[in-house]
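Chemist: What follows is a single structure, and I will ask about it in a moment.
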Amino acid sequence: MSWLQHLPVLPVVIPLVAGAVMLLFAESRRTTRTFIALSATLANLAVAALLVYVANRGLPEIWPEGIAVYLLGGWEAPFGIVLVADRLSAVMLMLTAVLALASLVYALARWKRMGPHFQSLFQFLIMGVNGAFLTGDLFNLFVFVEVLLAASYGLLLHGLGAARVKAGLHYIVINLAASLVFLIGVALIYGASGTLNMADLAVRVPGLDDGDRILFEAGAAILGVAFLVKAGAWPLNFWLPAAYGAAAAPVAAAFSILTKVGIYALLRLGSLLSVSGAPAPFNDGWLFGIGMVTLALGTAGMLSVQQPQRLAAYCVIVSAGTLLAALGLGGEGMKGAAMFYLVSSVLATGAFFMLSEMIERTQRFGDNAIDVSLESFGLDDPLDPDRPDEVVGIVLPAAMAFLGLSFVSCALLVTGLPPLSGFVGKFMILSATLGTAPLEAVPASTWALWAAMLGSGLVGIIALCRMGMRLFWSSDEIVTPRLHLTEAAPVAVLLLLSMGLTAGAGPAANYLALTEISLSSPRIYIDAVLGNGLLSSPSNGAGEPE
Amino acid sequence: MEIVYALAIGVLTGSGVWLLLRPRTFQVIIGFSLLSYAVNLFIFGMGRLAVHLPPIIATLDPDPTRFDDPVPQALVLTAIVISFATTALFLVVLLASRGLTGTDHVDGEEEPEP
């Protein structure tokens, strides 16, 4: 059993080692690097699956509660660095691993050759995301977010091109500013409470005196702003469509998990602090309002764009808005429902980003951006039919049929129409808002959420229909694109997974309902992190003296 | 000392934010440097200002007034490394942008002369 004890650190170590080892091989040794990248991502997936199992069932010998705690260097929790994998972290890790594998396979066809060190940067991105989901203290959350951002800067610029550099410049500026805000928030919280460990924080906050409490809440509000920037919330999301719309397709697909890091952080801190009343940005009407505006403007944005990839970027904003509004509204079953929607929307937007790039190839003029990057790297155009060694692309006879079907599936998923999992997620959120209250007692904010979510679905389907008609039915200009199997398969797998999520909605919803239960009783998490109840027993939790 | 310290942070932050909002990439990067100095000083300030106190408990007497808080120093060290690295990365992107667009305007294009 000894190796299982080290399970929570593996999602950070595997991508780190793989990314570093790949740097040792020359850029020309593609097969070796691809082999390393694929095996690391597969190992990551296996570890994530094991962690989901452990979080769900628990390991009687080491983690009976199912909360896997890893003390780095063996230091006790409030003083050392701690990694924690509970149900919420485990499901986010699993989602990251699936998305990473799909994007990586998609990139194998040609994107990895567009610039140096794609594979390494990709592994570092996975490492940052995994670390952010696992970490148990605020400062390491900052560090891991910086790791994932640094990798994402490199990946966003992957392939170069003026549009990409311009979008990347704005993306970097916004995120650097957000990181500084993040640091100010962390420092204020440390100054007020004297701890950075999130579990320890949850224990100490109820005992703060008034002056420190105000400082702490100010710090939490500042931290909340940083999280909202990451989550793509209005008015801090103007960078998102440009950046995600300009990124290379597999990169944009992998990015669709990044905004969820902000949502995860809000959810995690909000649930830990909920015992003493979470500060405004984590559990309140503010979050609901911001989410509603984000949802409305994201929906309007969907109508305003012409390129498929930008449309997918606005889908990310819509999903962020829906999640923020739903979490802000609260209610029994809401966190579980929101998590279901999150999983479904990440799978859908990931598939949509990859699909939109393939769809753009059906338009003759669609490859402008790629041409620039090809010239700047002195590479041959892999799509050029005259190229002698034709490796990319067997012509799938059913290429257009595949694209059309996938587009329809994506549209159904992102707008939340039946029968796919987007609908189930939306339905779960909407039914969680009603709860058991009589219909007359339902507050106006609930109806506002209903209107916004159903309205955004309607507007979304209008936007997607319009785009679908323009892309697939304007028969004259369409070129049947060459699709490589490694490009089509990831999209198909992601869509099939969403369908599987629909079919297995019962077990998935049960797991997520258990996730919500463990989130709403943070005592277990706190005791697990702070040394299995040795340092703080449940009886003296509230108002414990410092 | 607190007043001087607070003023220093305030001046650095004010200058940094002002430079950040300027249209030239060079001003933006200098603004970021100033802001990260301000934030690092702020983290230090959050660990209590003290003079001539060791950050490590050397004696058996854990009297908190006789040593400085070591955590903010560790945090600042990390934050410096990270902001240095990201600034360097940002600089490379600035140069790439300058090379590709031929201008140092943050939008990649000059606004027309009035």
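The way I read the labels, and the way they are meant: chains A, B, ... in the order of the structure tokens, residue 1 as the first residue of every chain, and ligand 1 as the first ligand shown, with later ones counted on from there.
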Find the residues of chain B in contact range of chain A, meaning any atom within 7 Å when counting only C-alpha atoms, and list them as a ChimeraX atom specification.

Modeler: /B:36,39,43,46-47,86,90,93,97,100-101,107-108

Chemist: Any idea what's packed within 10 Å of B:Leu91, counting only C-alpha atoms, ignoring anything in its chain fewer than 3 positions away? Could you give it as a PyMOL selection string?

Modeler: (chain A and resi 169) or (chain B and resi 25-26+29+85-88+94-97)

Chemist: Near B:Leu41, within 12 Å and counting only C-alpha atoms, which residues show up once chain neighbours fewer than 3 positions away are dropped, as a ChimeraX atom specification?

Modeler: /A:183-184,187 /B:2,4-13,34-38,44-49,72-73,75-77,79-80

Chemist: Please write the residues from the selection above to a file, keeping N, CA, C and O atoms, as a short mmCIF file (atom, residue, chain, number, x, y, z; two decimals), in the first residue's frame.

Modeler:
```
data_model
loop_
_atom_site.label_atom_id
_atom_site.label_comp_id
_atom_site.auth_asym_id
_atom_site.auth_seq_id
_atom_site.Cartn_x
_atom_site.Cartn_y
_atom_site.Cartn_z
N LEU A 183 -1.71 38.31 -5.17
CA LEU A 183 -0.71 38.39 -4.11
C LEU A 183 -1.12 39.34 -3.01
O LEU A 183 -0.94 39.06 -1.82
N ILE A 184 -1.71 40.49 -3.40
CA ILE A 184 -2.14 41.45 -2.38
C ILE A 184 -3.20 40.80 -1.49
O ILE A 184 -3.16 40.91 -0.25
N ALA A 187 -1.58 38.28 0.82
CA ALA A 187 -0.81 38.93 1.88
C ALA A 187 -1.75 39.50 2.94
O ALA A 187 -1.48 39.39 4.15
N GLU B 2 6.39 53.27 9.73
CA GLU B 2 5.20 52.79 9.03
C GLU B 2 4.74 53.78 7.97
O GLU B 2 4.34 53.40 6.88
N VAL B 4 6.53 56.10 6.33
CA VAL B 4 7.44 56.09 5.18
C VAL B 4 7.18 54.87 4.31
O VAL B 4 7.10 54.94 3.07
N TYR B 5 7.01 53.74 5.01
CA TYR B 5 6.79 52.48 4.32
C TYR B 5 5.51 52.53 3.49
O TYR B 5 5.49 52.19 2.30
N ALA B 6 4.43 53.01 4.15
CA ALA B 6 3.14 53.08 3.45
C ALA B 6 3.22 54.04 2.28
O ALA B 6 2.68 53.77 1.19
N LEU B 7 3.91 55.16 2.48
CA LEU B 7 4.04 56.14 1.40
C LEU B 7 4.81 55.53 0.22
O LEU B 7 4.43 55.72 -0.94
N ALA B 8 5.86 54.79 0.54
CA ALA B 8 6.64 54.16 -0.53
C ALA B 8 5.76 53.22 -1.35
O ALA B 8 5.77 53.26 -2.60
N ILE B 9 4.99 52.39 -0.65
CA ILE B 9 4.11 51.46 -1.36
C ILE B 9 3.09 52.23 -2.20
O ILE B 9 2.84 51.90 -3.37
N GLY B 10 2.54 53.29 -1.59
CA GLY B 10 1.52 54.07 -2.30
C GLY B 10 2.08 54.71 -3.56
O GLY B 10 1.45 54.66 -4.63
N VAL B 11 3.27 55.32 -3.44
CA VAL B 11 3.86 55.99 -4.60
C VAL B 11 4.16 54.97 -5.71
O VAL B 11 3.86 55.18 -6.89
N LEU B 12 4.74 53.84 -5.30
CA LEU B 12 5.07 52.81 -6.29
C LEU B 12 3.81 52.29 -6.99
O LEU B 12 3.79 52.14 -8.22
N THR B 13 2.75 52.05 -6.18
CA THR B 13 1.52 51.53 -6.77
C THR B 13 0.91 52.55 -7.72
O THR B 13 0.51 52.21 -8.85
N LEU B 34 7.26 48.33 -11.27
CA LEU B 34 6.97 49.15 -10.09
C LEU B 34 5.89 48.49 -9.24
O LEU B 34 5.99 48.41 -8.02
N LEU B 35 4.84 47.98 -9.92
CA LEU B 35 3.75 47.35 -9.17
C LEU B 35 4.24 46.13 -8.40
O LEU B 35 3.84 45.90 -7.27
N SER B 36 5.13 45.34 -9.03
CA SER B 36 5.55 44.15 -8.31
C SER B 36 6.45 44.52 -7.14
O SER B 36 6.40 43.87 -6.11
N TYR B 37 7.25 45.62 -7.25
CA TYR B 37 7.98 46.09 -6.07
C TYR B 37 7.00 46.44 -4.96
O TYR B 37 7.20 46.08 -3.80
N ALA B 38 5.95 47.18 -5.35
CA ALA B 38 4.98 47.62 -4.35
C ALA B 38 4.34 46.42 -3.66
O ALA B 38 4.20 46.39 -2.43
N PHE B 44 5.82 42.11 2.71
CA PHE B 44 6.71 42.28 3.86
C PHE B 44 5.98 42.99 5.00
O PHE B 44 6.06 42.59 6.16
N GLY B 45 5.26 44.03 4.65
CA GLY B 45 4.56 44.82 5.67
C GLY B 45 3.54 43.99 6.41
O GLY B 45 3.29 44.19 7.60
N MET B 46 2.94 43.02 5.71
CA MET B 46 1.93 42.20 6.35
C MET B 46 2.52 41.29 7.42
O MET B 46 1.81 40.75 8.25
N GLY B 47 3.84 41.09 7.38
CA GLY B 47 4.46 40.26 8.42
C GLY B 47 5.00 41.09 9.56
O GLY B 47 5.90 40.65 10.25
N ARG B 48 4.50 42.31 9.76
CA ARG B 48 4.94 43.16 10.86
C ARG B 48 6.31 43.77 10.52
O ARG B 48 7.21 43.06 10.11
N LEU B 49 6.44 45.07 10.68
CA LEU B 49 7.72 45.72 10.41
C LEU B 49 8.59 45.62 11.66
O LEU B 49 8.13 45.90 12.77
N PRO B 72 6.43 35.77 5.52
CA PRO B 72 6.41 36.74 4.42
C PRO B 72 7.71 36.78 3.65
O PRO B 72 7.71 37.04 2.44
N GLN B 73 8.82 36.50 4.33
CA GLN B 73 10.11 36.53 3.62
C GLN B 73 10.17 35.40 2.60
O GLN B 73 10.63 35.60 1.47
N LEU B 75 7.54 34.09 1.23
CA LEU B 75 6.57 34.45 0.18
C LEU B 75 7.18 35.45 -0.78
O LEU B 75 7.05 35.31 -2.00
N VAL B 76 7.86 36.47 -0.23
CA VAL B 76 8.43 37.50 -1.09
C VAL B 76 9.48 36.91 -2.01
O VAL B 76 9.54 37.23 -3.20
N LEU B 77 10.27 36.00 -1.45
CA LEU B 77 11.30 35.36 -2.26
C LEU B 77 10.68 34.67 -3.47
O LEU B 77 11.12 34.83 -4.61
N ALA B 79 7.67 35.25 -4.71
CA ALA B 79 6.99 36.22 -5.56
C ALA B 79 7.98 36.96 -6.45
O ALA B 79 7.69 37.25 -7.62
N ILE B 80 9.17 37.25 -5.91
CA ILE B 80 10.19 37.94 -6.71
C ILE B 80 10.60 37.07 -7.89
O ILE B 80 10.66 37.53 -9.04
#
```

Chemist: At what distance in Å, to one decimal, does atom CA of A:Glu360 lie from atom CA of A:Leu485?

Modeler: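 It comes out at 17.3 Å.
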
Chemist: Between A:Leu88, A:Leu449, A:Val343, A:Met358, which residue has the minimum interatomic distance to A:Leu267, considering only C-alpha atoms?

Modeler: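 Smallest separation from A:Leu267 among the options: A:Leu88.
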
Chemist: With distances taken over only C-alpha atoms, which residue among A:Phe340, A:Phe238, A:Phe402, A:Tyr525 lies nearest A:Ala488?

Modeler: A:Phe402

Chemist: What gap, in Å, lies between atom CA of A:Ala320 and atom CA of A:Ser521?

Modeler: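 Distance reported for this atom pair: 24.9 Å.
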
Chemist: Excluding same-chain residues fewer than 3 positions from A:Leu355, what lies within 12 Å of it counting only C-alpha atoms, as a compact mmCIF listing (two decimals) with C-alpha atoms, in the first residue's frame?

Modeler:
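Full text of around_19.txt as output:
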```txt
# COMPACT_ATOMS: atom_id res chain seq x y z
CA ALA A 102 -7.78 14.68 -26.25
CA SER A 103 -5.96 17.95 -27.00
CA TYR A 106 -5.38 16.32 -31.69
CA ALA A 248 -4.17 27.19 -31.80
CA ALA A 249 -7.12 24.79 -31.70
CA PRO A 250 -5.72 22.13 -29.33
CA ALA A 252 -7.75 26.59 -26.93
CA ALA A 253 -9.34 23.24 -26.17
CA PRO A 308 -16.43 29.46 -35.14
CA GLN A 309 -13.52 29.60 -32.73
CA LEU A 311 -18.06 31.57 -30.93
CA ALA A 312 -16.58 28.74 -28.88
CA ALA A 348 -18.35 20.40 -24.94
CA THR A 349 -16.25 23.55 -25.33
CA GLY A 350 -13.08 21.47 -25.59
CA ALA A 351 -14.60 19.51 -28.46
CA PHE A 352 -16.01 22.69 -29.99
CA MET A 358 -11.49 21.70 -38.64
CA ILE A 359 -14.63 23.44 -39.83
CA GLU A 360 -12.69 26.55 -40.73
CA ARG A 361 -10.66 24.41 -43.09
CA THR A 362 -13.77 23.92 -45.19
CA ALA A 399 -15.49 13.97 -43.41
CA MET A 400 -18.28 16.44 -44.00
CA PHE A 402 -18.62 13.82 -39.36
CA LEU A 403 -18.09 17.57 -39.12
CA GLY A 404 -21.79 18.28 -39.47
CA LEU A 405 -22.83 15.70 -36.89
CA SER A 406 -20.20 16.87 -34.45
CA PHE A 407 -21.22 20.47 -34.95
CA VAL A 408 -24.83 19.61 -34.19
CA SER A 409 -23.78 17.67 -31.09
CA CYS A 410 -21.63 20.57 -29.90
CA ALA A 411 -24.46 23.00 -30.51
CA LEU A 483 -9.15 15.04 -41.63
CA GLU A 487 -7.81 14.91 -35.34
CA ALA A 488 -11.26 13.43 -35.68
CA ALA A 489 -10.92 10.86 -32.91
CA PRO A 490 -10.41 13.26 -29.96
CA VAL A 491 -13.47 15.29 -30.93
CA ALA A 492 -15.48 12.12 -31.30
CA LEU A 494 -15.09 14.03 -26.13
CA LEU A 495 -18.56 14.05 -27.65
```

Chemist: Could you jot down the atom CA of A:Pro507 to atom CA of A:Phe288 separation for me, Å, one decimal place?

Modeler: 28.4 Å

Chemist: Considering only C-alpha atoms, return as a PyMOL selection string whatever protein or nucleic-acid residues lie within 12 Å of A:Asn237, sequence-local ones (same chain, fewer than 2 positions apart) excluded.

Modeler: chain A and resi 170-171+174-175+178+225-235+239-244+259+290-291+293-295+297-298+301+313-314+316-318+320-321

Chemist: Any chance you can output those residues with N, CA, C and O atoms as a short mmCIF file (atom, residue, chain, number, x, y, z; two decimals), in the first residue's frame?

Modeler:
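The resulting file, result_6.cif, is reproduced below:
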```cif
data_model
loop_
_atom_site.label_atom_id
_atom_site.label_comp_id
_atom_site.auth_asym_id
_atom_site.auth_seq_id
_atom_site.Cartn_x
_atom_site.Cartn_y
_atom_site.Cartn_z
N HIS A 170 -2.19 41.11 -24.67
CA HIS A 170 -3.26 41.57 -23.77
C HIS A 170 -3.52 40.53 -22.69
O HIS A 170 -3.72 40.86 -21.51
N TYR A 171 -3.50 39.27 -23.10
CA TYR A 171 -3.74 38.18 -22.15
C TYR A 171 -2.69 38.20 -21.05
O TYR A 171 -3.00 38.08 -19.86
N ILE A 174 -3.20 41.30 -18.64
CA ILE A 174 -4.33 41.11 -17.72
C ILE A 174 -3.95 40.11 -16.64
O ILE A 174 -4.20 40.32 -15.45
N ASN A 175 -3.32 39.02 -17.05
CA ASN A 175 -3.04 37.99 -16.06
C ASN A 175 -1.93 38.38 -15.11
O ASN A 175 -1.97 38.00 -13.94
N ALA A 178 -3.65 40.54 -12.67
CA ALA A 178 -4.47 39.72 -11.78
C ALA A 178 -3.60 38.98 -10.77
O ALA A 178 -3.99 38.82 -9.62
N VAL A 225 -11.54 39.00 -6.60
CA VAL A 225 -11.38 39.69 -7.89
C VAL A 225 -10.41 38.92 -8.78
O VAL A 225 -10.66 38.69 -9.97
N ALA A 226 -9.29 38.48 -8.17
CA ALA A 226 -8.31 37.72 -8.95
C ALA A 226 -8.92 36.44 -9.50
O ALA A 226 -8.74 36.09 -10.67
N PHE A 227 -9.71 35.73 -8.66
CA PHE A 227 -10.34 34.50 -9.13
C PHE A 227 -11.33 34.79 -10.24
O PHE A 227 -11.47 34.01 -11.19
N LEU A 228 -12.05 35.92 -10.11
CA LEU A 228 -13.05 36.23 -11.13
C LEU A 228 -12.38 36.56 -12.46
O LEU A 228 -12.94 36.27 -13.53
N VAL A 229 -11.20 37.18 -12.41
CA VAL A 229 -10.47 37.41 -13.66
C VAL A 229 -10.15 36.08 -14.32
O VAL A 229 -10.36 35.87 -15.52
N LYS A 230 -9.65 35.13 -13.50
CA LYS A 230 -9.32 33.81 -14.06
C LYS A 230 -10.57 33.11 -14.59
O LYS A 230 -10.51 32.36 -15.55
N ALA A 231 -11.69 33.32 -13.89
CA ALA A 231 -12.90 32.60 -14.27
C ALA A 231 -13.57 33.22 -15.50
O ALA A 231 -14.50 32.63 -16.05
N GLY A 232 -13.11 34.39 -15.92
CA GLY A 232 -13.71 35.02 -17.10
C GLY A 232 -15.03 35.68 -16.79
O GLY A 232 -15.96 35.64 -17.58
N ALA A 233 -15.13 36.31 -15.62
CA ALA A 233 -16.38 36.98 -15.25
C ALA A 233 -16.38 38.41 -15.74
O ALA A 233 -15.34 39.07 -15.76
N TRP A 234 -17.57 38.89 -16.14
CA TRP A 234 -17.69 40.29 -16.50
C TRP A 234 -17.45 41.13 -15.25
O TRP A 234 -17.88 40.73 -14.18
N PRO A 235 -16.84 42.30 -15.29
CA PRO A 235 -16.28 43.00 -16.46
C PRO A 235 -14.82 42.70 -16.68
O PRO A 235 -14.11 43.52 -17.25
N TRP A 239 -10.53 40.01 -22.32
CA TRP A 239 -9.37 39.37 -22.93
C TRP A 239 -9.73 38.01 -23.49
O TRP A 239 -9.07 37.50 -24.37
N LEU A 240 -10.80 37.41 -22.95
CA LEU A 240 -11.01 35.98 -23.19
C LEU A 240 -11.33 35.63 -24.65
O LEU A 240 -10.67 34.76 -25.22
N PRO A 241 -12.31 36.28 -25.28
CA PRO A 241 -12.61 35.87 -26.66
C PRO A 241 -11.43 36.06 -27.60
O PRO A 241 -11.17 35.21 -28.45
N ALA A 242 -10.69 37.16 -27.39
CA ALA A 242 -9.55 37.40 -28.28
C ALA A 242 -8.49 36.34 -28.09
O ALA A 242 -7.97 35.77 -29.06
N ALA A 243 -8.17 36.05 -26.82
CA ALA A 243 -7.09 35.10 -26.55
C ALA A 243 -7.48 33.70 -26.98
O ALA A 243 -6.73 33.03 -27.69
N TYR A 244 -8.67 33.24 -26.56
CA TYR A 244 -9.07 31.88 -26.88
C TYR A 244 -9.38 31.75 -28.37
O TYR A 244 -9.18 30.68 -28.95
N THR A 259 -10.49 28.48 -17.16
CA THR A 259 -11.42 29.37 -16.47
C THR A 259 -12.05 28.64 -15.29
O THR A 259 -12.46 29.28 -14.32
N ILE A 290 -22.90 39.18 -10.80
CA ILE A 290 -21.80 39.13 -11.77
C ILE A 290 -22.04 38.01 -12.78
O ILE A 290 -21.87 38.18 -13.99
N GLY A 291 -22.48 36.87 -12.26
CA GLY A 291 -22.74 35.74 -13.14
C GLY A 291 -23.84 36.05 -14.15
O GLY A 291 -23.74 35.69 -15.32
N VAL A 293 -24.75 39.00 -15.36
CA VAL A 293 -24.28 39.92 -16.40
C VAL A 293 -23.34 39.20 -17.35
O VAL A 293 -23.40 39.39 -18.58
N THR A 294 -22.47 38.36 -16.79
CA THR A 294 -21.54 37.59 -17.64
C THR A 294 -22.32 36.73 -18.62
O THR A 294 -22.01 36.66 -19.81
N LEU A 295 -23.36 36.07 -18.08
CA LEU A 295 -24.19 35.20 -18.91
C LEU A 295 -24.86 36.00 -20.03
O LEU A 295 -24.82 35.61 -21.21
N LEU A 297 -24.00 38.98 -21.31
CA LEU A 297 -23.08 39.54 -22.30
C LEU A 297 -22.41 38.45 -23.12
O LEU A 297 -22.13 38.64 -24.31
N GLY A 298 -22.17 37.29 -22.50
CA GLY A 298 -21.63 36.17 -23.26
C GLY A 298 -22.60 35.73 -24.34
O GLY A 298 -22.20 35.43 -25.47
N GLY A 301 -22.55 38.16 -27.03
CA GLY A 301 -21.31 37.98 -27.79
C GLY A 301 -21.42 36.85 -28.80
O GLY A 301 -20.90 36.95 -29.91
N ALA A 313 -15.28 30.56 -27.88
CA ALA A 313 -14.77 31.33 -26.75
C ALA A 313 -15.93 31.97 -25.99
O ALA A 313 -15.93 32.02 -24.76
N TYR A 314 -16.94 32.45 -26.73
CA TYR A 314 -18.09 33.03 -26.04
C TYR A 314 -18.88 31.95 -25.30
O TYR A 314 -19.51 32.23 -24.27
N VAL A 316 -17.49 29.60 -23.70
CA VAL A 316 -16.79 29.49 -22.43
C VAL A 316 -17.31 30.56 -21.47
O VAL A 316 -17.56 30.30 -20.28
N ILE A 317 -17.49 31.79 -21.98
CA ILE A 317 -17.98 32.86 -21.12
C ILE A 317 -19.38 32.54 -20.62
O ILE A 317 -19.71 32.74 -19.44
N VAL A 318 -20.24 32.03 -21.53
CA VAL A 318 -21.61 31.69 -21.13
C VAL A 318 -21.58 30.65 -20.02
O VAL A 318 -22.29 30.76 -19.02
N ALA A 320 -19.15 30.07 -17.90
CA ALA A 320 -18.65 30.69 -16.67
C ALA A 320 -19.77 31.50 -16.01
O ALA A 320 -19.96 31.43 -14.78
N GLY A 321 -20.53 32.24 -16.81
CA GLY A 321 -21.62 33.05 -16.26
C GLY A 321 -22.68 32.19 -15.61
O GLY A 321 -23.14 32.48 -14.50
#
```

Chemist: Apply DSSP to the backbone of this structure and, from stretch 186-254 of chain A, keep only the residues in helix (DSSP H, G or I); write these as a PyMOL selection string.

Modeler: chain A and resi 186-193+198-207+210-231+239-246+249-254

Chemist: Quick one: residues within 8 Å of B:Phe67, only C-alpha atoms, excluding same-chain residues fewer than 5 positions away - as a list in words?

Modeler: Leu53, Pro54, Pro55, Ile56 and Ile57 of chain B

Chemist: Could you save those same residues with C-alpha atoms as a PDB file, in the first residue's frame?

Modeler:
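File written: out-v6.pdb
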```pdb
ATOM      1  CA  LEU B  53      15.316  40.842  14.439  1.00  0.00           C
ATOM      2  CA  PRO B  54      16.305  37.386  13.182  1.00  0.00           C
ATOM      3  CA  PRO B  55      13.649  35.498  11.189  1.00  0.00           C
ATOM      4  CA  ILE B  56      14.604  32.199  12.820  1.00  0.00           C
ATOM      5  CA  ILE B  57      13.955  31.236  16.423  1.00  0.00           C
TER       6      ILE B  57
END
```
